Amino acid sequence: MKALLLSGGSGTRLRPITHTSAKQLVPVANKPVLFYGLEAIAEAGITQVGIIVGDTAEEIREAVGDGSAFGVDVTYIPQAAPLGLAHAVLIAREFLGEDDFVMYLGDNFVVGGITDLVDAFRDERPEAQILLTKVPNPTAFGVAELNAAGQVIGLEEKPRRPKSELALVGVYLFSPAIHEAVRSIEPSWRGELEITHALQWLIDAGRDVRSTTISGYWKDTGNVTDMLEVNRSVLESLERRIDGTVDDASEIIGRVRVEPGAKVTGSRIVGPAVVGANTVITDSYVGPFTSISDDCRIEDSEIEYSIVLRDSSLSGVRRVEASLIGRSVEVTPATRTPAAHRFVLGDHSKVQISS
């Protein structure tokens, strides 16, 4: 079995962060989202991984390399434009050959991995297996319709009037039958080859398409709100470890990880939180669910429920929360402008001024 890991999207919902960085490399708990997918694939016993890359190909290649750090062998597959998930399968035909494969969206996050799903697919070998989960806003996703017996009878991509609240999670398992399906469909109104259309083609052709509704945690990390929520979820399982330097005037409460080379002085950190290597925190407060990356500087500031990327600094800032701060950012107080009042008042006026 092989894996197809999609990492070619432009990440418009995470701009301006993704103007200069691949969305799949934005870190959660100081580790790129893409790495969690690679680790899940490796844990499932899959070693041959094709990564679909687009405009950020060089950055992805630099971060992942040949895959040996994750215990896999990586083949990079260029996609000229993001033309849909089925298009990714189409251009990966040579790499995939006649093998079964799992397709994993690189900006998705599934707690608990995919090992059980892969094992079940290997044993039962339907033509396709999809993962579903209930969402409050199904119009933003591919949506599945099930019959009374729980069988998949219909799929729609971002429907205006969803027939269910079951959204497709960004993990799919396929037999080689999917190749005929992606060759047989036409682009949607969005100009993309939709994987929902390919799955519908299989259903209409009488092929065995199964679904699993997951109750565990899943997130599409395509926007800031979801990214912060995933960061919170990952930090919930953090183990306390202090490898850096913390002085006696500082207070470390709960599950906090301080990486080697980091220095905490006169500060209070309340976990779960992670402080990256060589980061310096001075006279500051770092609250729960905060990830501060490597080589950052936090001075005389307060931050909580946020992600700070490498080489960034906060100085004299009160208070930052629910924020995603990019690389090499400087956050400082604004220059205070002297306040003055100018009046032209008539006779017998009464004026009240709040100081």
# chains A, B, ... in the order shown; residues from 1 in each chain; ligands from 1
>>> closest_atom_pairs(of="stretch 165-246 of chain A", to="stretch 114-128 of chain A", cutoff="9 Å", atoms="only C-alpha atoms", output="Markdown table")
| residue | atom | partner | partner_atom | distance |
| --- | --- | --- | --- | --- |
| A:Val171 | CA | A:Ile114 | CA | 8.5 |
| A:Tyr172 | CA | A:Ala128 | CA | 7.4 |
| A:Leu173 | CA | A:Ala128 | CA | 5.6 |
| A:Phe174 | CA | A:Ala128 | CA | 4.5 |
| A:Ser175 | CA | A:Glu127 | CA | 5.0 |
| A:Pro176 | CA | A:Glu127 | CA | 7.6 |
| A:Ala177 | CA | A:Glu127 | CA | 6.1 |
| A:Ile178 | CA | A:Glu127 | CA | 7.4 |
| A:Leu199 | CA | A:Ala128 | CA | 7.7 |
| A:Leu202 | CA | A:Glu127 | CA | 8.0 |
| A:Arg207 | CA | A:Glu127 | CA | 6.4 |
| A:Asp208 | CA | A:Glu127 | CA | 5.2 |
| A:Val209 | CA | A:Ala128 | CA | 4.8 |
| A:Arg210 | CA | A:Ala128 | CA | 6.3 |
| A:Ser211 | CA | A:Ala128 | CA | 8.4 |
| A:Thr212 | CA | A:Leu117 | CA | 8.7 |
>>> residues_around(residues="A:Glu302", least_positions_apart="3", cutoff="10 Å", atoms="only C-alpha atoms", output="VMD selection string")
chain A and resid 267 to 269 283 to 287 298 to 299 314 to 321
>>> write_last_selection(atoms="C-alpha atoms", output="mmCIF file, in the first residue's frame")
data_model
loop_
_atom_site.group_PDB
_atom_site.id
_atom_site.type_symbol
_atom_site.label_atom_id
_atom_site.label_comp_id
_atom_site.auth_asym_id
_atom_site.auth_seq_id
_atom_site.Cartn_x
_atom_site.Cartn_y
_atom_site.Cartn_z
ATOM 1 C CA SER A 267 8.298 35.159 34.227
ATOM 2 C CA ARG A 268 5.188 33.055 34.800
ATOM 3 C CA ILE A 269 4.234 30.276 32.372
ATOM 4 C CA ASP A 283 9.432 39.513 32.829
ATOM 5 C CA SER A 284 6.434 38.112 30.979
ATOM 6 C CA TYR A 285 3.340 35.938 31.286
ATOM 7 C CA VAL A 286 2.709 33.024 28.921
ATOM 8 C CA GLY A 287 -0.747 31.538 29.344
ATOM 9 C CA ILE A 298 9.105 37.725 24.759
ATOM 10 C CA GLU A 299 9.854 40.714 27.009
ATOM 11 C CA LEU A 314 6.934 40.747 21.614
ATOM 12 C CA SER A 315 8.151 43.615 23.754
ATOM 13 C CA GLY A 316 6.083 45.667 26.185
ATOM 14 C CA VAL A 317 2.769 44.353 24.876
ATOM 15 C CA ARG A 318 -0.381 43.830 26.977
ATOM 16 C CA ARG A 319 -2.256 41.685 26.061
ATOM 17 C CA VAL A 320 -2.089 39.236 23.121
ATOM 18 C CA GLU A 321 -4.488 36.312 22.793
#
>>> atom_distance(atom1="atom CA of A:Phe95", atom2="atom CA of A:Ser7")
16.0 Å
>>> select_by_dssp(residues="stretch 113-253 of chain A", states="strand (DSSP E or B)", output="PDB file with N, CA and C atoms, in the first residue's frame")
ATOM      1  N   ALA A 128     -13.404   1.753  -2.338  1.00  0.00           N
ATOM      2  CA  ALA A 128     -13.067   3.030  -1.705  1.00  0.00           C
ATOM      3  C   ALA A 128     -13.630   3.059  -0.288  1.00  0.00           C
ATOM      4  N   GLN A 129     -12.929   3.739   0.576  1.00  0.00           N
ATOM      5  CA  GLN A 129     -13.383   3.928   1.959  1.00  0.00           C
ATOM      6  C   GLN A 129     -13.218   5.410   2.287  1.00  0.00           C
ATOM      7  N   ILE A 130     -14.308   6.046   2.748  1.00  0.00           N
ATOM      8  CA  ILE A 130     -14.230   7.454   3.103  1.00  0.00           C
ATOM      9  C   ILE A 130     -14.482   7.625   4.595  1.00  0.00           C
ATOM     10  N   LEU A 131     -13.940   8.689   5.147  1.00  0.00           N
ATOM     11  CA  LEU A 131     -14.159   9.028   6.548  1.00  0.00           C
ATOM     12  C   LEU A 131     -15.126  10.200   6.612  1.00  0.00           C
ATOM     13  N   LEU A 132     -16.071  10.105   7.548  1.00  0.00           N
ATOM     14  CA  LEU A 132     -17.076  11.148   7.706  1.00  0.00           C
ATOM     15  C   LEU A 132     -17.107  11.622   9.151  1.00  0.00           C
ATOM     16  N   THR A 133     -17.515  12.874   9.330  1.00  0.00           N
ATOM     17  CA  THR A 133     -17.731  13.388  10.676  1.00  0.00           C
ATOM     18  C   THR A 133     -18.812  14.451  10.616  1.00  0.00           C
ATOM     19  N   LYS A 134     -19.568  14.584  11.697  1.00  0.00           N
ATOM     20  CA  LYS A 134     -20.631  15.587  11.743  1.00  0.00           C
ATOM     21  C   LYS A 134     -20.031  16.974  11.949  1.00  0.00           C
ATOM     22  N   GLY A 142     -17.182  18.642   1.383  1.00  0.00           N
ATOM     23  CA  GLY A 142     -17.841  17.585   0.653  1.00  0.00           C
ATOM     24  C   GLY A 142     -18.777  16.875   1.619  1.00  0.00           C
ATOM     25  N   VAL A 143     -19.999  16.580   1.175  1.00  0.00           N
ATOM     26  CA  VAL A 143     -21.020  16.032   2.074  1.00  0.00           C
ATOM     27  C   VAL A 143     -21.513  14.692   1.531  1.00  0.00           C
ATOM     28  N   ALA A 144     -21.701  13.733   2.443  1.00  0.00           N
ATOM     29  CA  ALA A 144     -22.173  12.400   2.070  1.00  0.00           C
ATOM     30  C   ALA A 144     -23.623  12.202   2.474  1.00  0.00           C
ATOM     31  N   GLU A 145     -24.360  11.481   1.635  1.00  0.00           N
ATOM     32  CA  GLU A 145     -25.726  11.080   1.953  1.00  0.00           C
ATOM     33  C   GLU A 145     -25.739   9.568   2.126  1.00  0.00           C
ATOM     34  N   LEU A 146     -26.281   9.108   3.254  1.00  0.00           N
ATOM     35  CA  LEU A 146     -26.356   7.680   3.544  1.00  0.00           C
ATOM     36  C   LEU A 146     -27.806   7.220   3.526  1.00  0.00           C
ATOM     37  N   VAL A 152     -23.335   4.527   1.560  1.00  0.00           N
ATOM     38  CA  VAL A 152     -23.176   5.793   0.857  1.00  0.00           C
ATOM     39  C   VAL A 152     -23.958   5.732  -0.458  1.00  0.00           C
ATOM     40  N   ILE A 153     -24.901   6.676  -0.641  1.00  0.00           N
ATOM     41  CA  ILE A 153     -25.685   6.694  -1.881  1.00  0.00           C
ATOM     42  C   ILE A 153     -25.482   7.982  -2.675  1.00  0.00           C
ATOM     43  N   GLY A 154     -24.846   8.983  -2.065  1.00  0.00           N
ATOM     44  CA  GLY A 154     -24.634  10.222  -2.795  1.00  0.00           C
ATOM     45  C   GLY A 154     -23.576  11.086  -2.140  1.00  0.00           C
ATOM     46  N   LEU A 155     -22.877  11.878  -2.974  1.00  0.00           N
ATOM     47  CA  LEU A 155     -21.839  12.786  -2.486  1.00  0.00           C
ATOM     48  C   LEU A 155     -21.951  14.104  -3.240  1.00  0.00           C
ATOM     49  N   GLU A 156     -21.776  15.194  -2.527  1.00  0.00           N
ATOM     50  CA  GLU A 156     -21.808  16.522  -3.129  1.00  0.00           C
ATOM     51  C   GLU A 156     -20.649  17.355  -2.597  1.00  0.00           C
ATOM     52  N   GLU A 157     -20.110  18.215  -3.452  1.00  0.00           N
ATOM     53  CA  GLU A 157     -19.011  19.092  -3.055  1.00  0.00           C
ATOM     54  C   GLU A 157     -19.543  20.479  -2.718  1.00  0.00           C
ATOM     55  N   LEU A 166     -22.954  15.245   7.439  1.00  0.00           N
ATOM     56  CA  LEU A 166     -21.757  14.402   7.435  1.00  0.00           C
ATOM     57  C   LEU A 166     -20.766  14.899   6.391  1.00  0.00           C
ATOM     58  N   ALA A 167     -19.653  15.433   6.856  1.00  0.00           N
ATOM     59  CA  ALA A 167     -18.630  15.959   5.962  1.00  0.00           C
ATOM     60  C   ALA A 167     -17.518  14.943   5.762  1.00  0.00           C
ATOM     61  N   LEU A 168     -16.913  14.990   4.580  1.00  0.00           N
ATOM     62  CA  LEU A 168     -15.782  14.107   4.298  1.00  0.00           C
ATOM     63  C   LEU A 168     -14.536  14.630   4.995  1.00  0.00           C
ATOM     64  N   VAL A 169     -13.940  13.777   5.801  1.00  0.00           N
ATOM     65  CA  VAL A 169     -12.650  14.072   6.420  1.00  0.00           C
ATOM     66  C   VAL A 169     -11.567  13.897   5.354  1.00  0.00           C
ATOM     67  N   GLY A 170     -10.474  14.635   5.486  1.00  0.00           N
ATOM     68  CA  GLY A 170      -9.448  14.633   4.454  1.00  0.00           C
ATOM     69  C   GLY A 170      -8.550  13.419   4.404  1.00  0.00           C
ATOM     70  N   VAL A 171      -9.117  12.220   4.610  1.00  0.00           N
ATOM     71  CA  VAL A 171      -8.389  10.959   4.484  1.00  0.00           C
ATOM     72  C   VAL A 171      -9.269   9.994   3.686  1.00  0.00           C
ATOM     73  N   TYR A 172      -8.727   9.455   2.596  1.00  0.00           N
ATOM     74  CA  TYR A 172      -9.468   8.547   1.723  1.00  0.00           C
ATOM     75  C   TYR A 172      -8.614   7.311   1.470  1.00  0.00           C
ATOM     76  N   LEU A 173      -9.273   6.138   1.351  1.00  0.00           N
ATOM     77  CA  LEU A 173      -8.562   4.913   1.012  1.00  0.00           C
ATOM     78  C   LEU A 173      -9.134   4.375  -0.291  1.00  0.00           C
ATOM     79  N   PHE A 174      -8.238   4.021  -1.229  1.00  0.00           N
ATOM     80  CA  PHE A 174      -8.681   3.635  -2.567  1.00  0.00           C
ATOM     81  C   PHE A 174      -7.988   2.359  -3.044  1.00  0.00           C
ATOM     82  N   VAL A 209     -18.295   1.268  -2.224  1.00  0.00           N
ATOM     83  CA  VAL A 209     -17.789   2.474  -1.554  1.00  0.00           C
ATOM     84  C   VAL A 209     -18.338   2.483  -0.132  1.00  0.00           C
ATOM     85  N   ARG A 210     -17.471   2.428   0.838  1.00  0.00           N
ATOM     86  CA  ARG A 210     -17.888   2.358   2.234  1.00  0.00           C
ATOM     87  C   ARG A 210     -17.499   3.632   2.988  1.00  0.00           C
ATOM     88  N   SER A 211     -18.125   3.795   4.135  1.00  0.00           N
ATOM     89  CA  SER A 211     -17.817   4.976   4.948  1.00  0.00           C
ATOM     90  C   SER A 211     -17.638   4.571   6.401  1.00  0.00           C
ATOM     91  N   THR A 212     -16.849   5.363   7.097  1.00  0.00           N
ATOM     92  CA  THR A 212     -16.679   5.232   8.539  1.00  0.00           C
ATOM     93  C   THR A 212     -16.908   6.606   9.145  1.00  0.00           C
ATOM     94  N   THR A 213     -17.850   6.701  10.059  1.00  0.00           N
ATOM     95  CA  THR A 213     -18.098   7.981  10.737  1.00  0.00           C
ATOM     96  C   THR A 213     -17.265   8.016  12.005  1.00  0.00           C
ATOM     97  N   TRP A 218     -11.044  15.726  14.623  1.00  0.00           N
ATOM     98  CA  TRP A 218     -10.538  16.012  13.275  1.00  0.00           C
ATOM     99  C   TRP A 218     -10.683  17.497  13.010  1.00  0.00           C
ATOM    100  N   LYS A 219      -9.680  18.074  12.344  1.00  0.00           N
ATOM    101  CA  LYS A 219      -9.760  19.479  11.962  1.00  0.00           C
ATOM    102  C   LYS A 219      -9.082  19.691  10.622  1.00  0.00           C
ATOM    103  N   ASP A 220      -9.692  20.547   9.816  1.00  0.00           N
ATOM    104  CA  ASP A 220      -9.050  21.105   8.634  1.00  0.00           C
ATOM    105  C   ASP A 220      -8.405  22.402   9.100  1.00  0.00           C
ATOM    106  N   ARG A 241       8.359  19.053  30.580  1.00  0.00           N
ATOM    107  CA  ARG A 241       9.779  18.795  30.441  1.00  0.00           C
ATOM    108  C   ARG A 241      10.515  20.127  30.388  1.00  0.00           C
ATOM    109  N   ILE A 242      11.477  20.298  31.255  1.00  0.00           N
ATOM    110  CA  ILE A 242      12.243  21.545  31.309  1.00  0.00           C
ATOM    111  C   ILE A 242      13.683  21.237  30.926  1.00  0.00           C
ATOM    112  N   THR A 245      16.676  26.800  30.634  1.00  0.00           N
ATOM    113  CA  THR A 245      17.033  27.402  31.917  1.00  0.00           C
ATOM    114  C   THR A 245      15.873  28.235  32.444  1.00  0.00           C
ATOM    115  N   VAL A 246      15.479  27.977  33.693  1.00  0.00           N
ATOM    116  CA  VAL A 246      14.425  28.739  34.358  1.00  0.00           C
ATOM    117  C   VAL A 246      14.969  29.258  35.675  1.00  0.00           C
ATOM    118  N   GLU A 251       7.980  31.222  37.601  1.00  0.00           N
ATOM    119  CA  GLU A 251       7.028  30.229  38.070  1.00  0.00           C
ATOM    120  C   GLU A 251       6.512  29.442  36.864  1.00  0.00           C
ATOM    121  N   ILE A 252       6.700  28.136  36.906  1.00  0.00           N
ATOM    122  CA  ILE A 252       6.234  27.246  35.848  1.00  0.00           C
ATOM    123  C   ILE A 252       5.121  26.384  36.421  1.00  0.00           C
ATOM    124  N   ILE A 253       3.912  26.513  35.858  1.00  0.00           N
ATOM    125  CA  ILE A 253       2.746  25.835  36.408  1.00  0.00           C
ATOM    126  C   ILE A 253       2.176  24.866  35.378  1.00  0.00           C
TER     127      ILE A 253
END
>>> select_by_dssp(residues="stretch 125-302 of chain A", states="helix (DSSP H, G or I)", output="NGL selection string")
:A and (138-140 or 177-184 or 195-204 or 224-235)
>>> atom_distance(atom1="atom CA of A:Ala86", atom2="atom CA of A:Val182")
5.7 Å
>>> residues_around(residues="A:Ser323", least_positions_apart="2", cutoff="8 Å", atoms="only C-alpha atoms", output="list of chain:residue names")
A:Val224, A:Leu228, A:Tyr305, A:Ser306, A:Ile307, A:Val320, A:Glu321, A:Ile325
>>> write_last_selection(atoms="C-alpha atoms", output="PDB file, in the first residue's frame")
ATOM      1  CA  VAL A 224      -6.594  30.688  11.987  1.00  0.00           C
ATOM      2  CA  LEU A 228      -5.453  27.567  17.184  1.00  0.00           C
ATOM      3  CA  TYR A 305      -3.924  30.861  23.424  1.00  0.00           C
ATOM      4  CA  SER A 306      -1.634  31.801  20.541  1.00  0.00           C
ATOM      5  CA  ILE A 307       1.007  30.526  18.132  1.00  0.00           C
ATOM      6  CA  VAL A 320      -2.089  39.236  23.121  1.00  0.00           C
ATOM      7  CA  GLU A 321      -4.488  36.312  22.793  1.00  0.00           C
ATOM      8  CA  ILE A 325       2.079  35.510  14.647  1.00  0.00           C
TER       9      ILE A 325
END
>>> closest_atom_pairs(of="stretch 93-188 of chain A", to="stretch 59-80 of chain A", cutoff="12 Å", atoms="only C-alpha atoms", output="CSV")
residue,atom,partner,partner_atom,distance
A:Arg93,CA,A:Ile77,CA,10.2
A:Glu94,CA,A:Ile77,CA,10.0
A:Phe95,CA,A:Thr75,CA,8.0
A:Leu96,CA,A:Thr75,CA,10.6
A:Gly106,CA,A:Ile60,CA,10.9
>>> write_last_selection(atoms="all heavy atoms", output="PDB file, in the first residue's frame")
ATOM      1  N   ARG A  93      -0.659   8.866 -11.225  1.00  0.00           N
ATOM      2  CA  ARG A  93      -0.928   7.518 -11.745  1.00  0.00           C
ATOM      3  C   ARG A  93       0.330   6.663 -11.831  1.00  0.00           C
ATOM      4  O   ARG A  93       0.347   5.500 -11.414  1.00  0.00           O
ATOM      5  CB  ARG A  93      -1.583   7.612 -13.129  1.00  0.00           C
ATOM      6  CG  ARG A  93      -1.960   6.254 -13.727  1.00  0.00           C
ATOM      7  CD  ARG A  93      -3.122   5.655 -12.943  1.00  0.00           C
ATOM      8  NE  ARG A  93      -3.590   4.401 -13.513  1.00  0.00           N
ATOM      9  CZ  ARG A  93      -3.147   3.193 -13.175  1.00  0.00           C
ATOM     10  NH1 ARG A  93      -2.179   3.071 -12.285  1.00  0.00           N
ATOM     11  NH2 ARG A  93      -3.658   2.101 -13.724  1.00  0.00           N
ATOM     12  N   GLU A  94       1.398   7.216 -12.365  1.00  0.00           N
ATOM     13  CA  GLU A  94       2.630   6.434 -12.535  1.00  0.00           C
ATOM     14  C   GLU A  94       3.193   6.011 -11.184  1.00  0.00           C
ATOM     15  O   GLU A  94       3.633   4.873 -11.013  1.00  0.00           O
ATOM     16  CB  GLU A  94       3.666   7.249 -13.312  1.00  0.00           C
ATOM     17  CG  GLU A  94       4.951   6.485 -13.596  1.00  0.00           C
ATOM     18  CD  GLU A  94       5.951   7.306 -14.397  1.00  0.00           C
ATOM     19  OE1 GLU A  94       5.571   8.374 -14.910  1.00  0.00           O
ATOM     20  OE2 GLU A  94       7.114   6.869 -14.502  1.00  0.00           O
ATOM     21  N   PHE A  95       3.181   6.915 -10.219  1.00  0.00           N
ATOM     22  CA  PHE A  95       3.697   6.583  -8.890  1.00  0.00           C
ATOM     23  C   PHE A  95       2.829   5.528  -8.218  1.00  0.00           C
ATOM     24  O   PHE A  95       3.345   4.573  -7.606  1.00  0.00           O
ATOM     25  CB  PHE A  95       3.743   7.842  -8.015  1.00  0.00           C
ATOM     26  CG  PHE A  95       3.914   7.552  -6.548  1.00  0.00           C
ATOM     27  CD1 PHE A  95       5.154   7.175  -6.042  1.00  0.00           C
ATOM     28  CD2 PHE A  95       2.830   7.628  -5.675  1.00  0.00           C
ATOM     29  CE1 PHE A  95       5.302   6.876  -4.683  1.00  0.00           C
ATOM     30  CE2 PHE A  95       2.975   7.334  -4.326  1.00  0.00           C
ATOM     31  CZ  PHE A  95       4.216   6.957  -3.833  1.00  0.00           C
ATOM     32  N   LEU A  96       1.517   5.649  -8.326  1.00  0.00           N
ATOM     33  CA  LEU A  96       0.611   4.755  -7.609  1.00  0.00           C
ATOM     34  C   LEU A  96       0.558   3.357  -8.217  1.00  0.00           C
ATOM     35  O   LEU A  96       0.358   2.373  -7.498  1.00  0.00           O
ATOM     36  CB  LEU A  96      -0.797   5.365  -7.576  1.00  0.00           C
ATOM     37  CG  LEU A  96      -0.918   6.666  -6.769  1.00  0.00           C
ATOM     38  CD1 LEU A  96      -2.278   7.315  -7.016  1.00  0.00           C
ATOM     39  CD2 LEU A  96      -0.709   6.415  -5.285  1.00  0.00           C
ATOM     40  N   GLY A 106      -2.671  17.259   3.391  1.00  0.00           N
ATOM     41  CA  GLY A 106      -1.567  17.652   4.253  1.00  0.00           C
ATOM     42  C   GLY A 106      -1.881  18.710   5.284  1.00  0.00           C
ATOM     43  O   GLY A 106      -1.099  18.917   6.211  1.00  0.00           O
TER      44      GLY A 106
END
>>> atom_distance(atom1="atom CA of A:Thr282", atom2="atom CA of A:Leu235")
22.4 Å
>>> residues_around(residues="A:Gly261", least_positions_apart="4", cutoff="12 Å", atoms="only C-alpha atoms", output="list of chain:residue names")
A:Ile242, A:Asp243, A:Gly244, A:Thr245, A:Val246, A:Val275, A:Gly276, A:Ala277, A:Asn278, A:Thr279, A:Val280, A:Ile281, A:Asp294, A:Asp295, A:Cys296
>>> write_last_selection(atoms="C-alpha atoms", output="mmCIF file, in the first residue's frame")
data_model
loop_
_atom_site.group_PDB
_atom_site.id
_atom_site.type_symbol
_atom_site.label_atom_id
_atom_site.label_comp_id
_atom_site.auth_asym_id
_atom_site.auth_seq_id
_atom_site.Cartn_x
_atom_site.Cartn_y
_atom_site.Cartn_z
ATOM 1 C CA ILE A 242 12.243 21.545 31.309
ATOM 2 C CA ASP A 243 15.402 21.274 29.202
ATOM 3 C CA GLY A 244 16.141 25.004 29.097
ATOM 4 C CA THR A 245 17.033 27.402 31.917
ATOM 5 C CA VAL A 246 14.425 28.739 34.358
ATOM 6 C CA VAL A 275 8.701 27.274 24.542
ATOM 7 C CA GLY A 276 11.007 26.608 21.599
ATOM 8 C CA ALA A 277 14.783 26.202 21.558
ATOM 9 C CA ASN A 278 16.862 29.332 22.204
ATOM 10 C CA THR A 279 13.808 31.450 22.948
ATOM 11 C CA VAL A 280 14.181 34.071 25.679
ATOM 12 C CA ILE A 281 11.242 34.977 27.928
ATOM 13 C CA ASP A 294 12.496 28.707 18.299
ATOM 14 C CA ASP A 295 14.646 31.836 18.607
ATOM 15 C CA CYS A 296 11.821 34.077 19.803
#
>>> residues_around(residues="A:Val308", least_positions_apart="4", cutoff="7 Å", atoms="only C-alpha atoms", output="list of chain:residue names")
A:Ser291, A:Ile292, A:Ser293, A:Leu324, A:Ile325, A:Gly326
>>> closest_residue(among="A:Ala249, A:Leu6, A:Ala22, A:Ala149", to="A:Leu85", atoms="only C-alpha atoms")
A:Leu6
